[in-house]
$ cat target35.cif   # mmCIF, C-alpha atoms and all ligand atoms; chains and numbers go by the auth columns
data_coords
loop_
_atom_site.group_PDB
_atom_site.id
_atom_site.type_symbol
_atom_site.label_atom_id
_atom_site.label_comp_id
_atom_site.label_asym_id
_atom_site.label_seq_id
_atom_site.Cartn_x
_atom_site.Cartn_y
_atom_site.Cartn_z
_atom_site.B_iso_or_equiv
_atom_site.auth_seq_id
_atom_site.auth_asym_id
ATOM 1 C CA MET A 1 13.904 -8.939 -2.986 0.00 9 A
ATOM 2 C CA ALA A 2 12.868 -12.498 -2.345 0.00 10 A
ATOM 3 C CA LEU A 3 9.867 -14.425 -1.108 0.00 11 A
ATOM 4 C CA LEU A 4 10.545 -16.410 2.049 0.00 12 A
ATOM 5 C CA ASN A 5 9.067 -19.770 3.049 0.00 13 A
ATOM 6 C CA ILE A 6 6.489 -19.502 5.851 0.00 14 A
ATOM 7 C CA LEU A 7 6.605 -22.338 8.401 0.00 15 A
ATOM 8 C CA THR A 8 3.318 -24.183 8.999 0.00 16 A
ATOM 9 C CA TYR A 9 1.945 -25.324 12.363 0.00 17 A
ATOM 10 C CA PRO A 10 2.842 -27.697 14.067 0.00 18 A
ATOM 11 C CA ASP A 11 6.439 -27.172 12.865 0.00 19 A
ATOM 12 C CA PRO A 12 8.538 -27.187 16.082 0.00 20 A
ATOM 13 C CA ARG A 13 10.621 -24.268 14.776 0.00 21 A
ATOM 14 C CA LEU A 14 7.553 -22.088 15.450 0.00 22 A
ATOM 15 C CA ASN A 15 8.170 -22.746 19.155 0.00 23 A
ATOM 16 C CA LYS A 16 11.711 -21.330 19.241 0.00 24 A
ATOM 17 C CA VAL A 17 12.290 -18.217 21.359 0.00 25 A
ATOM 18 C CA ALA A 18 13.791 -15.335 19.367 0.00 26 A
ATOM 19 C CA LYS A 19 16.878 -13.425 20.546 0.00 27 A
ATOM 20 C CA PRO A 20 17.173 -9.625 20.367 0.00 28 A
ATOM 21 C CA VAL A 21 18.456 -8.163 17.094 0.00 29 A
ATOM 22 C CA ALA A 22 22.025 -7.206 18.025 0.00 30 A
ATOM 23 C CA ASN A 23 22.874 -4.979 15.053 0.00 31 A
ATOM 24 C CA ILE A 24 20.486 -3.262 12.677 0.00 32 A
ATOM 25 C CA ASP A 25 22.667 -3.756 9.601 0.00 33 A
ATOM 26 C CA ALA A 26 22.387 -4.626 5.888 0.00 34 A
ATOM 27 C CA ARG A 27 21.463 -8.243 6.692 0.00 35 A
ATOM 28 C CA ILE A 28 18.519 -7.058 8.811 0.00 36 A
ATOM 29 C CA ARG A 29 17.411 -4.522 6.180 0.00 37 A
ATOM 30 C CA THR A 30 17.400 -7.255 3.495 0.00 38 A
ATOM 31 C CA LEU A 31 15.431 -9.537 5.833 0.00 39 A
ATOM 32 C CA VAL A 32 12.927 -6.716 6.519 0.00 40 A
ATOM 33 C CA ALA A 33 12.407 -6.087 2.769 0.00 41 A
ATOM 34 C CA ASP A 34 11.932 -9.822 2.113 0.00 42 A
ATOM 35 C CA MET A 35 9.519 -10.195 5.045 0.00 43 A
ATOM 36 C CA ILE A 36 7.409 -7.246 3.822 0.00 44 A
ATOM 37 C CA GLU A 37 7.274 -8.730 0.314 0.00 45 A
ATOM 38 C CA THR A 38 6.363 -12.154 1.759 0.00 46 A
ATOM 39 C CA MET A 39 3.640 -10.664 4.009 0.00 47 A
ATOM 40 C CA TYR A 40 1.987 -8.820 1.095 0.00 48 A
ATOM 41 C CA GLU A 41 2.206 -11.827 -1.217 0.00 49 A
ATOM 42 C CA ALA A 42 0.569 -14.014 1.459 0.00 50 A
ATOM 43 C CA LYS A 43 -2.098 -11.338 2.096 0.00 51 A
ATOM 44 C CA GLY A 44 -1.296 -11.139 5.806 0.00 52 A
ATOM 45 C CA VAL A 45 -1.474 -8.099 8.064 0.00 53 A
ATOM 46 C CA GLY A 46 1.655 -9.138 9.937 0.00 54 A
ATOM 47 C CA LEU A 47 4.636 -11.482 9.838 0.00 55 A
ATOM 48 C CA ALA A 48 7.099 -12.356 12.594 0.00 56 A
ATOM 49 C CA ALA A 49 10.689 -13.427 11.820 0.00 57 A
ATOM 50 C CA THR A 50 10.005 -16.723 13.640 0.00 58 A
ATOM 51 C CA GLN A 51 7.542 -17.643 10.856 0.00 59 A
ATOM 52 C CA VAL A 52 10.314 -17.469 8.254 0.00 60 A
ATOM 53 C CA ASP A 53 12.685 -19.463 10.508 0.00 61 A
ATOM 54 C CA VAL A 54 14.741 -16.477 11.679 0.00 62 A
ATOM 55 C CA HIS A 55 14.805 -16.424 15.475 0.00 63 A
ATOM 56 C CA GLU A 56 15.449 -12.758 16.138 0.00 64 A
ATOM 57 C CA ARG A 57 13.036 -10.201 17.642 0.00 65 A
ATOM 58 C CA LEU A 58 11.727 -8.607 14.476 0.00 66 A
ATOM 59 C CA LEU A 59 8.285 -8.283 12.899 0.00 67 A
ATOM 60 C CA VAL A 60 6.523 -6.444 10.102 0.00 68 A
ATOM 61 C CA MET A 61 2.871 -5.376 9.959 0.00 69 A
ATOM 62 C CA ASP A 62 0.476 -3.450 7.743 0.00 70 A
ATOM 63 C CA VAL A 63 -3.107 -2.969 8.923 0.00 71 A
ATOM 64 C CA SER A 64 -3.825 -0.108 6.489 0.00 72 A
ATOM 65 C CA GLU A 65 -6.716 -0.430 4.050 0.00 73 A
ATOM 66 C CA GLU A 66 -4.558 0.161 0.975 0.00 74 A
ATOM 67 C CA HIS A 67 -1.755 -2.156 2.195 0.00 75 A
ATOM 68 C CA ASP A 68 0.717 0.662 1.633 0.00 76 A
ATOM 69 C CA GLU A 69 1.841 1.480 5.202 0.00 77 A
ATOM 70 C CA PRO A 70 4.351 -1.186 6.241 0.00 78 A
ATOM 71 C CA LEU A 71 5.514 -0.963 9.840 0.00 79 A
ATOM 72 C CA VAL A 72 8.876 -2.440 10.849 0.00 80 A
ATOM 73 C CA VAL A 73 9.246 -3.358 14.520 0.00 81 A
ATOM 74 C CA ILE A 74 12.645 -4.434 15.856 0.00 82 A
ATOM 75 C CA ASN A 75 13.213 -5.441 19.511 0.00 83 A
ATOM 76 C CA PRO A 76 9.717 -4.469 20.731 0.00 84 A
ATOM 77 C CA ARG A 77 9.212 -3.674 24.445 0.00 85 A
ATOM 78 C CA VAL A 78 5.731 -3.489 25.979 0.00 86 A
ATOM 79 C CA VAL A 79 5.600 -0.287 28.071 0.00 87 A
ATOM 80 C CA TRP A 80 1.883 -0.410 28.967 0.00 88 A
ATOM 81 C CA GLN A 81 -1.153 -2.581 28.313 0.00 89 A
ATOM 82 C CA SER A 82 -4.813 -2.020 29.176 0.00 90 A
ATOM 83 C CA GLU A 83 -6.621 -4.051 31.787 0.00 91 A
ATOM 84 C CA GLU A 84 -9.503 -4.129 29.353 0.00 92 A
ATOM 85 C CA MET A 85 -9.482 -7.218 27.164 0.00 93 A
ATOM 86 C CA VAL A 86 -11.164 -7.891 23.835 0.00 94 A
ATOM 87 C CA VAL A 87 -11.904 -11.099 21.935 0.00 95 A
ATOM 88 C CA ASN A 88 -11.167 -11.288 18.210 0.00 96 A
ATOM 89 C CA ASP A 89 -11.324 -14.010 15.602 0.00 97 A
ATOM 90 C CA GLU A 90 -7.652 -14.484 14.675 0.00 98 A
ATOM 91 C CA GLY A 91 -6.000 -16.154 11.736 0.00 99 A
ATOM 92 C CA CYS A 92 -2.329 -16.904 11.133 0.00 100 A
ATOM 93 C CA LEU A 93 -0.272 -17.405 7.974 0.00 101 A
ATOM 94 C CA SER A 94 1.321 -20.390 9.740 0.00 102 A
ATOM 95 C CA VAL A 95 -2.116 -21.971 10.338 0.00 103 A
ATOM 96 C CA PRO A 96 -3.675 -21.769 6.867 0.00 104 A
ATOM 97 C CA GLY A 97 -7.407 -22.330 6.528 0.00 105 A
ATOM 98 C CA PHE A 98 -8.348 -21.858 10.189 0.00 106 A
ATOM 99 C CA SER A 99 -9.282 -19.120 12.638 0.00 107 A
ATOM 100 C CA GLY A 100 -10.322 -18.914 16.259 0.00 108 A
ATOM 101 C CA ASP A 101 -11.273 -16.556 19.076 0.00 109 A
ATOM 102 C CA VAL A 102 -8.434 -15.161 21.199 0.00 110 A
ATOM 103 C CA GLU A 103 -8.593 -12.717 24.117 0.00 111 A
ATOM 104 C CA ARG A 104 -6.074 -9.848 23.979 0.00 112 A
ATOM 105 C CA HIS A 105 -5.415 -6.509 25.687 0.00 113 A
ATOM 106 C CA ALA A 106 -7.606 -3.856 24.030 0.00 114 A
ATOM 107 C CA GLU A 107 -4.714 -1.355 23.965 0.00 115 A
ATOM 108 C CA ILE A 108 -0.958 -1.811 24.098 0.00 116 A
ATOM 109 C CA HIS A 109 1.925 0.670 24.033 0.00 117 A
ATOM 110 C CA ILE A 110 5.290 -0.489 22.721 0.00 118 A
ATOM 111 C CA GLU A 111 8.752 0.932 22.121 0.00 119 A
ATOM 112 C CA PHE A 112 10.903 -0.455 19.353 0.00 120 A
ATOM 113 C CA GLU A 113 13.562 0.359 16.780 0.00 121 A
ATOM 114 C CA ASN A 114 12.876 0.677 13.066 0.00 122 A
ATOM 115 C CA GLU A 115 15.098 -0.568 10.217 0.00 123 A
ATOM 116 C CA ILE A 116 17.377 2.453 10.453 0.00 124 A
ATOM 117 C CA GLY A 117 17.790 2.135 14.208 0.00 125 A
ATOM 118 C CA ASP A 118 15.530 5.001 15.316 0.00 126 A
ATOM 119 C CA THR A 119 13.526 4.367 18.497 0.00 127 A
ATOM 120 C CA HIS A 120 9.760 4.775 18.171 0.00 128 A
ATOM 121 C CA LYS A 121 6.778 4.588 20.499 0.00 129 A
ATOM 122 C CA LEU A 122 3.436 3.242 19.308 0.00 130 A
ATOM 123 C CA GLU A 123 0.078 3.387 21.115 0.00 131 A
ATOM 124 C CA ALA A 124 -2.007 0.695 19.439 0.00 132 A
ATOM 125 C CA THR A 125 -5.706 -0.185 19.574 0.00 133 A
ATOM 126 C CA GLU A 126 -8.065 -2.355 17.507 0.00 134 A
ATOM 127 C CA LEU A 127 -6.544 -4.615 14.826 0.00 135 A
ATOM 128 C CA LEU A 128 -3.065 -3.097 15.268 0.00 136 A
ATOM 129 C CA ALA A 129 -3.091 -3.912 19.001 0.00 137 A
ATOM 130 C CA VAL A 130 -4.279 -7.458 18.286 0.00 138 A
ATOM 131 C CA CYS A 131 -1.676 -7.924 15.575 0.00 139 A
ATOM 132 C CA ILE A 132 1.204 -6.674 17.773 0.00 140 A
ATOM 133 C CA GLN A 133 0.247 -9.149 20.505 0.00 141 A
ATOM 134 C CA HIS A 134 -0.129 -11.975 17.959 0.00 142 A
ATOM 135 C CA GLU A 135 3.299 -11.207 16.427 0.00 143 A
ATOM 136 C CA MET A 136 5.029 -10.775 19.803 0.00 144 A
ATOM 137 C CA ASP A 137 3.676 -14.192 20.788 0.00 145 A
ATOM 138 C CA HIS A 138 5.386 -15.673 17.693 0.00 146 A
ATOM 139 C CA LEU A 139 8.682 -14.197 18.946 0.00 147 A
ATOM 140 C CA ILE A 140 8.358 -16.201 22.187 0.00 148 A
ATOM 141 C CA GLY A 141 7.473 -19.354 20.272 0.00 149 A
ATOM 142 C CA LYS A 142 3.736 -19.129 20.784 0.00 150 A
ATOM 143 C CA VAL A 143 1.099 -19.748 18.062 0.00 151 A
ATOM 144 C CA TYR A 144 -2.495 -18.538 18.718 0.00 152 A
ATOM 145 C CA VAL A 145 -3.868 -22.106 18.552 0.00 153 A
ATOM 146 C CA GLU A 146 -2.395 -22.596 22.036 0.00 154 A
ATOM 147 C CA TYR A 147 -5.246 -20.392 23.325 0.00 155 A
ATOM 148 C CA LEU A 148 -7.927 -22.582 21.732 0.00 156 A
ATOM 149 C CA SER A 149 -9.522 -25.642 23.328 0.00 157 A
ATOM 150 C CA PRO A 150 -7.453 -28.846 23.112 0.00 158 A
ATOM 151 C CA LEU A 151 -10.212 -30.310 20.924 0.00 159 A
ATOM 152 C CA LYS A 152 -10.084 -27.504 18.351 0.00 160 A
ATOM 153 C CA ARG A 153 -6.270 -27.354 18.468 0.00 161 A
ATOM 154 C CA GLY A 154 -6.094 -31.114 17.931 0.00 162 A
ATOM 155 C CA ARG A 155 -8.392 -30.955 14.910 0.00 163 A
ATOM 156 C CA ILE A 156 -6.286 -28.181 13.369 0.00 164 A
ATOM 157 C CA LYS A 157 -3.071 -30.088 14.023 0.00 165 A
ATOM 158 C CA THR A 158 -4.364 -33.333 12.504 0.00 166 A
ATOM 159 C CA LYS A 159 -5.692 -31.591 9.373 0.00 167 A
ATOM 160 C CA LEU A 160 -2.490 -29.596 8.759 0.00 168 A
ATOM 161 C CA ILE A 161 -0.269 -32.671 9.247 0.00 169 A
ATOM 162 C CA LYS A 162 -2.459 -34.574 6.749 0.00 170 A
ATOM 163 C CA GLU A 163 -2.231 -31.708 4.253 0.00 171 A
ATOM 164 C CA ALA A 164 1.559 -31.529 4.623 0.00 172 A
ATOM 165 C CA LYS A 165 1.850 -35.278 3.945 0.00 173 A
ATOM 166 C CA GLU A 166 -0.347 -34.984 0.868 0.00 174 A
ATOM 167 C CA ALA A 167 1.757 -32.084 -0.426 0.00 175 A
ATOM 168 C CA LEU A 168 4.906 -34.256 -0.020 0.00 176 A
ATOM 169 C CA LYS A 169 3.249 -37.103 -1.980 0.00 177 A
ATOM 170 C CA ASP A 170 2.133 -34.749 -4.769 0.00 178 A
ATOM 171 C CA ASN A 171 5.693 -33.535 -5.160 0.00 179 A
ATOM 172 C CA ALA A 172 7.131 -37.058 -5.382 0.00 180 A
HETATM 173 O O1 LIG B . -2.838 -11.962 8.519 0.00 1 B
HETATM 174 C C1 LIG B . -3.099 -12.083 9.717 0.00 1 B
HETATM 175 N N1 LIG B . -4.319 -11.703 10.168 0.00 1 B
HETATM 176 C C2 LIG B . -4.646 -11.634 11.517 0.00 1 B
HETATM 177 C C3 LIG B . -5.992 -11.505 11.839 0.00 1 B
HETATM 178 C C4 LIG B . -6.382 -11.423 13.150 0.00 1 B
HETATM 179 C C5 LIG B . -5.447 -11.453 14.145 0.00 1 B
HETATM 180 C C6 LIG B . -4.099 -11.595 13.839 0.00 1 B
HETATM 181 C C7 LIG B . -3.700 -11.691 12.538 0.00 1 B
HETATM 182 S S1 LIG B . -2.024 -11.833 12.160 0.00 1 B
HETATM 183 C C8 LIG B . -2.107 -12.673 10.619 0.00 1 B
HETATM 184 C C9 LIG B . -0.725 -12.797 9.990 0.00 1 B
HETATM 185 C C10 LIG B . 0.158 -13.660 10.854 0.00 1 B
HETATM 186 O O2 LIG B . 0.072 -14.848 10.913 0.00 1 B
HETATM 187 N N2 LIG B . 1.027 -13.044 11.589 0.00 1 B
HETATM 188 O O3 LIG B . 1.823 -13.729 12.405 0.00 1 B
HETATM 189 NI NI NI B . 0.704 -15.517 12.918 0.00 2 B
#
$ encode --input "target35.cif" --output "structure tokens"
Amino acid sequence: MALLNILTYPDPRLNKVAKPVANIDARIRTLVADMIETMYEAKGVGLAATQVDVHERLLVMDVSEEHDEPLVVINPRVVWQSEEMVVNDEGCLSVPGFSGDVERHAEIHIEFENEIGDTHKLEATELLAVCIQHEMDHLIGKVYVEYLSPLKRGRIKTKLIKEAKEALKDNA
């Protein structure tokens, strides 16, 4: 097991479009285990492969109260989504220290493979539905800040760039 480095906005690698996972093999299972460990350590409810600089369609989530129900989602396909939309205050491990309101489908149904290659169907509502949409956006290179006003997005960008520069200086 290993902790992986999480990319921080506005890193351009967060805008790469992930390719389907071609083979669910030992490399993918190791990546899944490392992503789950990284998600728990960072206290997130989800993590997309894009955030750890792997550009394949894979994500992990855990919206359970006890943080003991990890969900592995490989090659997700949306099979249905509600017309009803909901607004939630979202955060992102790649945008530390900020949050903002995003409109999402209230319910979404997906099909996907798990880490042993079995196909599953999931009918998600509430935080799980929000999280799936947030993670699937990462896989197409989209960070939630793109839904915010240019003013708020600009403030976030400026602050995170400043913090990254200060971190570089501190390490010199
Ligand atoms: O930990 C996370 N919390 C969260 C809260 C509201 C909406 C979405 C999320 S996902 C986020 C983890 C993350 O950045 N996943 O990509
Ligand atoms: Ni995120």
$ residues_around --input "target35.cif" --residues "Val25 of chain A" --least-positions-apart "2" --cutoff "9 Å" --atoms "only C-alpha atoms" --output "ChimeraX atom specification"
/A:22-23,27,58,63-65,146-150
$ residues_near_ligand --input "target35.cif" --ligand "ligand LIG 1 (chain B)" --cutoff "7 Å" --atoms "all atoms listed in the file" --output "list in words"
Lys51, Gly52, Val53, Gly54, Leu55, Ala56, Asn96, Asp97, Glu98, Gly99, Cys100, Leu101, Ser102, Leu135, Val138, Cys139, His142, Glu143 and His146 of chain A
$ write_last_selection --input "target35.cif" --atoms "C-alpha atoms" --output "PDB file, in the frame of the given file"
ATOM      1  CA  LYS A  51      -2.098 -11.338   2.096  1.00  0.00           C
ATOM      2  CA  GLY A  52      -1.296 -11.139   5.806  1.00  0.00           C
ATOM      3  CA  VAL A  53      -1.474  -8.099   8.064  1.00  0.00           C
ATOM      4  CA  GLY A  54       1.655  -9.138   9.937  1.00  0.00           C
ATOM      5  CA  LEU A  55       4.636 -11.482   9.838  1.00  0.00           C
ATOM      6  CA  ALA A  56       7.099 -12.356  12.594  1.00  0.00           C
ATOM      7  CA  ASN A  96     -11.167 -11.288  18.210  1.00  0.00           C
ATOM      8  CA  ASP A  97     -11.324 -14.010  15.602  1.00  0.00           C
ATOM      9  CA  GLU A  98      -7.652 -14.484  14.675  1.00  0.00           C
ATOM     10  CA  GLY A  99      -6.000 -16.154  11.736  1.00  0.00           C
ATOM     11  CA  CYS A 100      -2.329 -16.904  11.133  1.00  0.00           C
ATOM     12  CA  LEU A 101      -0.272 -17.405   7.974  1.00  0.00           C
ATOM     13  CA  SER A 102       1.321 -20.390   9.740  1.00  0.00           C
ATOM     14  CA  LEU A 135      -6.544  -4.615  14.826  1.00  0.00           C
ATOM     15  CA  VAL A 138      -4.279  -7.458  18.286  1.00  0.00           C
ATOM     16  CA  CYS A 139      -1.676  -7.924  15.575  1.00  0.00           C
ATOM     17  CA  HIS A 142      -0.129 -11.975  17.959  1.00  0.00           C
ATOM     18  CA  GLU A 143       3.299 -11.207  16.427  1.00  0.00           C
ATOM     19  CA  HIS A 146       5.386 -15.673  17.693  1.00  0.00           C
TER      20      HIS A 146
END
$ resolve_selection --input "target35.cif" --expression "the PyMOL selection byres (((chain A and resi 125) around 10) and not hetatm)" --output "list in words"
Asn31, Ile32, Asp33, Ile82, Phe120, Glu121, Asn122, Glu123, Ile124, Asp126, Thr127 and His128 of chain A
$ atom_distance --input "target35.cif" --atom1 "atom CA of Leu159 of chain A" --atom2 "atom CA of Lys177 of chain A"
27.4 Å
$ resolve_selection --input "target35.cif" --expression "the PyMOL selection byres (((chain A and resi 140) around 12) and not hetatm)" --output "ChimeraX atom specification"
/A:53-56,66-71,79-82,84-86,89,112-120,130-139,141-147
$ resolve_selection --input "target35.cif" --expression "the PyMOL selection byres (((chain A and resi 154) around 12) and not hetatm)" --output "list in words"
Tyr17, Pro18, Leu22, Asn23, Val103, Gly108, Asp109, Val110, Glu111, His142, Asp145, His146, Gly149, Lys150, Val151, Tyr152, Val153, Tyr155, Leu156, Ser157, Pro158, Leu159, Lys160, Arg161, Gly162, Ile164 and Lys165 of chain A
$ closest_residue --input "target35.cif" --among "A:Met9, A:Val87, A:Ile169, A:Ala26" --to "Ala57 of chain A" --atoms "only C-alpha atoms"
A:Ala26
$ atom_distance --input "target35.cif" --atom1 "atom CA of Gly105 of chain A" --atom2 "atom CA of Lys167 of chain A"
9.8 Å
$ atom_distance --input "target35.cif" --atom1 "atom CA of Met43 of chain A" --atom2 "atom CA of Thr16 of chain A"
15.8 Å
$ build_atoms --input "target35.cif" --residues "segment 14-31 of chain A" --atoms "N, CA, C and O atoms" --output "compact mmCIF listing (two decimals), in the coordinates of the input"
# COMPACT_ATOMS: atom_id res chain seq x y z
N ILE A 14 7.16 -19.66 4.55
CA ILE A 14 6.49 -19.50 5.85
C ILE A 14 6.27 -20.88 6.48
O ILE A 14 5.67 -21.76 5.85
N LEU A 15 6.78 -21.07 7.69
CA LEU A 15 6.60 -22.34 8.40
C LEU A 15 5.14 -22.57 8.73
O LEU A 15 4.40 -21.62 9.03
N THR A 16 4.71 -23.82 8.70
CA THR A 16 3.32 -24.18 9.00
C THR A 16 3.24 -24.97 10.30
O THR A 16 4.03 -25.89 10.54
N TYR A 17 2.26 -24.59 11.14
CA TYR A 17 1.94 -25.32 12.36
C TYR A 17 1.66 -26.79 12.03
O TYR A 17 1.02 -27.04 11.01
N PRO A 18 2.11 -27.77 12.80
CA PRO A 18 2.84 -27.70 14.07
C PRO A 18 4.37 -27.83 13.92
O PRO A 18 5.00 -28.53 14.71
N ASP A 19 4.98 -27.12 13.00
CA ASP A 19 6.44 -27.17 12.86
C ASP A 19 7.09 -26.71 14.19
O ASP A 19 6.79 -25.62 14.66
N PRO A 20 7.95 -27.54 14.77
CA PRO A 20 8.54 -27.19 16.08
C PRO A 20 9.40 -25.92 16.05
O PRO A 20 9.61 -25.31 17.10
N ARG A 21 9.83 -25.51 14.85
CA ARG A 21 10.62 -24.27 14.78
C ARG A 21 9.78 -23.04 15.12
O ARG A 21 10.31 -22.00 15.48
N LEU A 22 8.44 -23.20 15.04
CA LEU A 22 7.55 -22.09 15.45
C LEU A 22 7.55 -21.90 16.97
O LEU A 22 7.03 -20.90 17.45
N ASN A 23 8.14 -22.85 17.69
CA ASN A 23 8.17 -22.75 19.16
C ASN A 23 9.50 -22.24 19.69
O ASN A 23 9.70 -22.16 20.91
N LYS A 24 10.42 -21.87 18.79
CA LYS A 24 11.71 -21.33 19.24
C LYS A 24 11.55 -19.90 19.76
O LYS A 24 10.72 -19.14 19.26
N VAL A 25 12.33 -19.56 20.78
CA VAL A 25 12.29 -18.22 21.36
C VAL A 25 13.34 -17.35 20.67
O VAL A 25 14.51 -17.72 20.60
N ALA A 26 12.89 -16.21 20.12
CA ALA A 26 13.79 -15.34 19.37
C ALA A 26 14.70 -14.53 20.30
O ALA A 26 14.32 -14.18 21.42
N LYS A 27 15.91 -14.26 19.82
CA LYS A 27 16.88 -13.42 20.55
C LYS A 27 16.79 -11.99 20.04
O LYS A 27 16.37 -11.75 18.90
N PRO A 28 17.19 -11.01 20.86
CA PRO A 28 17.17 -9.62 20.37
C PRO A 28 18.03 -9.47 19.11
O PRO A 28 19.01 -10.19 18.92
N VAL A 29 17.62 -8.55 18.24
CA VAL A 29 18.46 -8.16 17.09
C VAL A 29 19.63 -7.37 17.67
O VAL A 29 19.42 -6.36 18.35
N ALA A 30 20.84 -7.84 17.42
CA ALA A 30 22.02 -7.21 18.02
C ALA A 30 22.46 -5.98 17.23
O ALA A 30 22.81 -4.95 17.81
N ASN A 31 22.45 -6.08 15.91
CA ASN A 31 22.87 -4.98 15.05
C ASN A 31 21.87 -4.78 13.93
O ASN A 31 21.56 -5.73 13.22
